[in-house]
>>> print(open('input_11.cif').read())   # mmCIF, C-alpha atoms
data_query
loop_
_atom_site.label_atom_id
_atom_site.label_comp_id
_atom_site.auth_asym_id
_atom_site.auth_seq_id
_atom_site.Cartn_x
_atom_site.Cartn_y
_atom_site.Cartn_z
CA MET A 22 0.00 0.00 0.00
CA LYS A 23 1.30 3.44 -0.85
CA ALA A 24 0.96 5.04 2.57
CA ASP A 25 1.26 8.70 1.51
CA PHE A 26 -2.07 8.79 -0.27
CA TYR A 27 -4.02 7.47 2.68
CA THR A 28 -2.29 9.06 5.65
CA LYS A 29 -2.25 12.65 4.36
CA SER A 30 -5.76 14.03 4.45
CA LYS A 31 -6.57 16.68 1.85
CA ARG A 32 -8.68 18.49 4.41
CA THR A 33 -7.38 20.70 7.19
CA ASN A 34 -7.39 18.89 10.51
CA ILE A 35 -9.29 21.31 12.71
CA TYR A 36 -8.20 19.63 15.92
CA ASN A 37 -4.52 20.14 15.19
CA SER A 38 -5.16 23.75 14.14
CA ILE A 39 -6.90 24.48 17.45
CA PHE A 40 -4.10 22.77 19.33
CA ILE A 41 -1.41 24.90 17.66
CA TYR A 42 -3.40 28.11 18.12
CA LYS A 43 -3.96 27.50 21.83
CA VAL A 44 -0.34 26.60 22.50
CA VAL A 45 0.89 29.77 20.75
CA SER A 46 -1.65 31.99 22.49
CA LEU A 47 -0.87 30.53 25.91
CA PHE A 48 2.84 31.02 25.30
CA VAL A 49 2.26 34.69 24.41
CA LEU A 50 0.18 35.25 27.55
CA LEU A 51 2.86 33.60 29.66
CA LEU A 52 5.51 35.84 28.13
CA ILE A 53 3.44 38.96 28.86
CA THR A 54 2.91 37.86 32.46
CA VAL A 55 6.63 37.26 32.97
CA MET A 56 7.47 40.66 31.47
CA LEU A 57 4.99 42.35 33.78
CA ALA A 58 6.50 40.61 36.78
CA TYR A 59 9.99 41.72 35.71
CA ILE A 60 8.94 45.36 35.27
CA VAL A 61 7.23 45.42 38.65
CA ASN A 62 10.27 43.84 40.30
CA LYS A 63 12.63 46.45 38.81
CA ASN A 64 10.54 49.44 39.81
CA LYS A 65 11.23 49.50 43.59
CA GLU A 66 9.47 52.84 44.18
CA PHE A 67 6.38 51.51 42.49
CA LEU A 68 6.61 48.37 44.57
CA SER A 69 6.85 50.26 47.82
CA LYS A 70 3.57 51.94 47.10
CA THR A 71 1.87 48.92 45.63
CA GLY A 72 3.47 45.92 47.34
CA TRP A 73 0.25 44.02 47.03
CA LEU A 74 0.74 43.94 43.26
CA ILE A 75 3.71 41.57 43.40
CA GLY A 76 1.62 39.12 45.37
CA LEU A 77 -1.13 39.37 42.80
CA VAL A 78 1.32 38.81 39.95
CA THR A 79 2.79 35.78 41.75
CA VAL A 80 -0.63 34.27 42.26
CA SER A 81 -1.47 34.99 38.61
CA ILE A 82 1.66 33.19 37.46
CA ILE A 83 0.86 30.16 39.60
CA LEU A 84 -2.73 30.05 38.41
CA PHE A 85 -1.62 30.56 34.84
CA ALA A 86 0.88 27.69 35.09
CA ILE A 87 -1.82 25.36 36.43
CA SER A 88 -4.21 26.51 33.70
CA PHE A 89 -1.54 25.97 31.07
CA ILE A 90 -0.89 22.40 32.20
CA ILE A 91 -4.61 21.58 32.24
CA ASP A 92 -5.22 23.20 28.84
CA PHE A 93 -2.22 21.43 27.35
CA TYR A 94 -3.50 18.07 28.58
CA ILE A 95 -7.04 18.66 27.29
CA LEU A 96 -5.86 19.95 23.91
CA LYS A 97 -3.43 17.10 23.49
CA ARG A 98 -6.23 14.62 24.12
CA THR A 99 -8.45 16.51 21.69
CA ALA A 100 -5.78 16.37 18.99
CA SER A 101 -5.37 12.64 19.64
CA ILE A 102 -9.12 12.07 19.29
CA GLY A 103 -9.12 14.14 16.10
CA GLU A 104 -6.32 12.03 14.64
CA ARG A 105 -8.19 8.83 15.45
CA LEU A 106 -11.40 10.17 13.88
CA ASN A 107 -9.47 11.21 10.80
CA LYS A 108 -8.02 7.72 10.43
CA MET A 109 -11.43 6.14 10.99
CA ALA A 110 -12.80 8.19 8.10
CA TYR A 111 -10.26 6.70 5.69
CA LEU A 112 -9.52 3.21 7.03
CA ASP A 113 -11.67 0.12 7.27
CA ARG A 114 -12.25 -0.68 10.93
CA LEU A 115 -11.95 -4.46 10.63
CA THR A 116 -8.91 -4.76 8.37
CA GLY A 117 -7.08 -1.45 8.63
CA LEU A 118 -7.09 -1.21 4.84
CA PRO A 119 -8.24 1.92 3.01
CA ASN A 120 -12.03 1.88 2.98
CA ARG A 121 -14.58 2.62 0.25
CA TYR A 122 -14.23 6.38 0.74
CA SER A 123 -10.45 6.16 0.36
CA CYS A 124 -10.87 3.98 -2.72
CA ASP A 125 -13.19 6.57 -4.28
CA LEU A 126 -10.61 9.31 -3.67
CA LEU A 127 -7.93 7.10 -5.18
CA PHE A 128 -10.00 6.35 -8.26
CA GLU A 129 -10.42 10.07 -8.89
CA THR A 130 -6.66 10.55 -9.12
CA PHE A 131 -6.48 7.96 -11.90
CA ASN A 132 -8.61 10.06 -14.25
CA ASP A 133 -5.38 11.81 -15.11
CA SER A 134 -4.53 10.62 -18.62
CA ASP A 135 -0.91 9.77 -17.74
CA LYS A 136 -1.95 7.48 -14.89
CA LEU A 137 -4.95 6.02 -16.67
CA GLU A 138 -3.11 5.05 -19.85
CA ASN A 139 -1.33 2.05 -18.30
CA ALA A 140 -3.50 1.50 -15.22
CA GLY A 141 -4.26 -2.02 -14.09
CA PHE A 142 -7.17 -2.99 -11.84
CA ILE A 143 -7.79 -6.29 -10.04
CA LEU A 144 -11.06 -6.88 -8.22
CA MET A 145 -11.26 -9.73 -5.72
CA LYS A 146 -13.79 -11.38 -3.45
CA ILE A 147 -13.61 -14.28 -0.98
CA ASN A 148 -15.51 -17.31 -2.22
CA ASP A 149 -17.73 -19.08 0.31
CA LEU A 150 -17.73 -16.11 2.69
CA TYR A 151 -21.53 -16.20 2.78
CA ASN A 152 -21.54 -19.84 3.87
CA VAL A 153 -18.89 -19.20 6.53
CA ASN A 154 -21.01 -16.37 7.95
CA SER A 155 -24.16 -18.52 7.86
CA LYS A 156 -22.74 -21.75 9.28
CA LYS A 157 -19.96 -20.57 11.58
CA GLY A 158 -21.08 -17.05 12.46
CA HIS A 159 -20.00 -13.57 11.47
CA ALA A 160 -17.06 -13.67 13.87
CA GLN A 161 -15.54 -16.48 11.79
CA GLY A 162 -16.35 -14.58 8.63
CA ASN A 163 -14.63 -11.48 9.98
CA ASP A 164 -11.60 -13.57 10.90
CA LEU A 165 -11.47 -14.88 7.34
CA ILE A 166 -11.63 -11.35 5.93
CA ALA A 167 -8.94 -10.14 8.32
CA GLU A 168 -6.63 -13.04 7.43
CA PHE A 169 -7.03 -12.45 3.70
CA CYS A 170 -6.51 -8.71 4.03
CA TYR A 171 -3.32 -9.25 5.99
CA ILE A 172 -2.01 -11.42 3.15
CA LEU A 173 -3.30 -9.01 0.49
CA GLU A 174 -1.63 -6.02 2.11
CA ASP A 175 1.66 -7.84 2.58
CA VAL A 176 1.74 -9.03 -1.03
CA GLY A 177 0.07 -6.08 -2.74
CA GLU A 178 1.89 -3.11 -1.22
CA SER A 179 4.83 -3.51 -3.60
CA TYR A 180 2.54 -3.58 -6.64
CA GLY A 181 0.16 -0.68 -6.09
CA TYR A 182 -2.76 0.63 -4.08
CA ILE A 183 -4.94 -1.83 -2.20
CA GLY A 184 -8.23 -1.34 -0.39
CA ARG A 185 -11.48 -2.83 0.81
CA ASN A 186 -14.12 -1.39 -1.48
CA GLY A 187 -17.10 -2.74 0.44
CA GLY A 188 -18.05 -5.84 2.40
CA ASN A 189 -16.55 -8.59 0.22
CA GLU A 190 -14.80 -6.47 -2.41
CA PHE A 191 -11.05 -5.96 -2.39
CA ILE A 192 -9.04 -4.07 -4.97
CA LEU A 193 -5.56 -3.58 -6.31
CA LEU A 194 -5.01 -0.53 -8.53
CA MET A 195 -1.65 -0.31 -10.28
CA GLU A 196 0.21 2.36 -12.22
CA ASP A 197 2.34 1.48 -15.25
CA CYS A 198 0.87 -2.02 -15.23
CA ASP A 199 1.29 -4.58 -17.96
CA SER A 200 0.33 -8.25 -18.13
CA ASN A 201 3.60 -9.31 -16.48
CA ASN A 202 2.98 -7.09 -13.42
CA ALA A 203 -0.53 -8.45 -12.98
CA ASP A 204 0.66 -12.05 -13.43
CA MET A 205 3.44 -11.58 -10.86
CA PHE A 206 1.02 -10.21 -8.29
CA LEU A 207 -1.43 -13.07 -8.82
CA MET A 208 1.40 -15.59 -8.61
CA ASP A 209 2.69 -14.12 -5.34
CA LEU A 210 -0.81 -13.98 -3.90
CA THR A 211 -1.47 -17.61 -4.90
CA LYS A 212 1.72 -18.75 -3.15
CA ARG A 213 0.77 -16.96 0.06
CA LEU A 214 -2.80 -18.28 0.03
CA HIS A 215 -1.56 -21.80 -0.68
CA GLY A 216 0.81 -21.57 2.29
CA TYR A 217 -1.96 -20.27 4.55
CA ASN A 218 -4.40 -22.99 3.48
CA GLU A 219 -1.81 -25.71 4.05
CA LEU A 220 -1.40 -24.61 7.66
CA GLY A 221 -5.09 -25.30 8.30
CA VAL A 222 -5.34 -22.65 11.00
CA GLY A 223 -8.72 -21.40 9.82
CA SER A 224 -11.25 -21.69 7.05
CA PRO A 225 -9.48 -22.14 3.70
CA ILE A 226 -9.32 -19.02 1.55
CA GLU A 227 -10.34 -19.18 -2.09
CA ILE A 228 -10.44 -15.98 -4.11
CA ALA A 229 -12.47 -15.11 -7.18
CA TYR A 230 -10.99 -12.28 -9.17
CA ALA A 231 -11.14 -10.30 -12.38
CA ARG A 232 -8.35 -8.22 -13.85
CA VAL A 233 -8.48 -5.48 -16.46
CA LEU A 234 -5.60 -3.57 -18.02
CA ASN A 235 -6.16 -0.27 -19.72
CA SER A 236 -3.38 -1.03 -22.16
CA ASP A 237 -5.97 -3.50 -23.56
CA GLU A 238 -9.24 -1.71 -22.80
CA LYS A 239 -8.27 1.85 -23.86
CA VAL A 240 -10.99 3.55 -21.75
CA THR A 241 -10.97 7.27 -21.02
CA ARG A 242 -12.35 7.17 -17.47
CA ILE A 243 -11.24 5.06 -14.51
CA SER A 244 -14.89 4.35 -13.73
CA GLU A 245 -15.19 2.56 -17.08
CA LEU A 246 -12.21 0.33 -16.25
CA ILE A 247 -13.67 -0.50 -12.85
CA SER A 248 -17.07 -1.29 -14.38
CA LYS A 249 -15.43 -3.74 -16.77
CA ALA A 250 -13.77 -5.51 -13.83
CA TYR A 251 -17.09 -5.84 -12.00
CA LYS A 252 -18.72 -7.24 -15.13
CA LYS A 253 -15.92 -9.78 -15.61
CA LEU A 254 -16.10 -10.83 -11.96
CA LYS A 255 -19.83 -11.42 -12.32
CA ASP A 256 -19.80 -13.13 -15.72
CA ALA A 257 -16.47 -14.97 -15.84
CA PRO A 258 -14.62 -14.94 -12.51
CA GLN A 259 -11.23 -16.59 -12.24
CA VAL A 260 -10.23 -18.47 -9.09
CA LEU A 261 -7.03 -18.78 -7.08
CA SER A 262 -6.34 -20.43 -3.73
#
>>> encode(input="input_11.cif", output="structure tokens")
Amino acid sequence: MKADFYTKSKRTNIYNSIFIYKVVSLFVLLLITVMLAYIVNKNKEFLSKTGWLIGLVTVSIILFAISFIIDFYILKRTASIGERLNKMAYLDRLTGLPNRYSCDLLFETFNDSDKLENAGFILMKINDLYNVNSKKGHAQGNDLIAEFCYILEDVGESYGYIGRNGGNEFILLMEDCDSNNADMFLMDLTKRLHGYNELGVGSPIEIAYARVLNSDEKVTRISELISKAYKKLKDAPQVLS
């Protein structure tokens, strides 16, 4: 998986902006308070007439320090929550892969003619997932999805962009892809699935897939290439395990 696309949101993270603003503003207020204390301390004649002021300034500094620590803690937690929410918006909760929304954003970037010209798209689904969910429960089905996605991410990250484009739909979108690239990915994925199935640690994984290469299809929109893959998966799926 190409991490840059998914981890850098195109939108401004409002939580981080608030965090930075508050830290800067609190620092400025602290600086002003310290300067005031210094001026008061230097002006002895003024102090002799208004000795109570130094006590007030001291109390203000103490209260300000406590307030600063509390604000810093709250804002740090807020920024952390914002980061988690931002990730949740782009990543699938079960698998950690880019979710449908991320996939849609990715597809948009491939409408550029340079990327689209040699784009390759592989659409995959787990065969027998419905029966696993029905007979063994959704927990077993989720385990099966998670196991496959772990393998898919490990194999696919060196080939292109991967994601979970819905419940039982998994994608690999490649730049500068020819038949050899697609064949190599499918071969590597087959080896990993074969090794997993031989271990017998869970339900065996069998994958139905369809692949389309724009070097063959010559479409002008990425949506057309994706539609062709869905049609092939429905009408003439290929199988690997």
>>> closest_residue(input="input_11.cif", among="A:Met208, A:Tyr230, A:Gly188, A:Lys239", to="A:Arg114", atoms="only C-alpha atoms")
A:Gly188
>>> closest_residue(input="input_11.cif", among="A:Glu178, A:Glu196, A:Asp209, A:Glu238", to="A:Asp135", atoms="all atoms listed in the file")
A:Glu196
>>> closest_residue(input="input_11.cif", among="A:Asp237, A:His159, A:Leu261, A:Leu214", to="A:Asp175", atoms="all atoms listed in the file")
A:Leu214
>>> resolve_selection(input="input_11.cif", expression="the PyMOL selection byres ((chain A and resi 148) around 8)", output="list in words")
Lys146, Ile147, Asp149, Leu150, Tyr151, Ile226, Glu227, Ile228 and Ala229 of chain A
>>> closest_residue(input="input_11.cif", among="A:Pro119, A:Gly181, A:Gly216, A:Gly221", to="A:Ser262", atoms="all atoms listed in the file")
A:Gly216
>>> closest_residue(input="input_11.cif", among="A:Lys156, A:Arg242, A:Lys252, A:Arg232", to="A:Phe131", atoms="all atoms listed in the file")
A:Arg242
>>> atom_distance(input="input_11.cif", atom1="atom CA of A:Ser179", atom2="atom CA of A:Ser200")
15.9 Å
>>> atom_distance(input="input_11.cif", atom1="atom CA of A:Asp164", atom2="atom CA of A:Thr116")
9.6 Å
>>> residues_around(input="input_11.cif", residues="A:Ile183", least_positions_apart="6", cutoff="8 Å", atoms="only C-alpha atoms", output="CSV table (one decimal) with C-alpha atoms, in the frame of the given file")
chain,number,residue,atom,x,y,z
A,22,MET,CA,0.0,0.0,0.0
A,118,LEU,CA,-7.1,-1.2,4.8
A,119,PRO,CA,-8.2,1.9,3.0
A,173,LEU,CA,-3.3,-9.0,0.5
A,174,GLU,CA,-1.6,-6.0,2.1
A,177,GLY,CA,0.1,-6.1,-2.7
A,191,PHE,CA,-11.0,-6.0,-2.4
A,192,ILE,CA,-9.0,-4.1,-5.0
A,193,LEU,CA,-5.6,-3.6,-6.3
A,194,LEU,CA,-5.0,-0.5,-8.5
>>> atom_distance(input="input_11.cif", atom1="atom CA of A:Leu115", atom2="atom CA of A:Asn154")
15.2 Å
>>> closest_residue(input="input_11.cif", among="A:Ser155, A:Thr211, A:Asn186, A:Asn139", to="A:Leu126", atoms="all atoms listed in the file")
A:Asn186
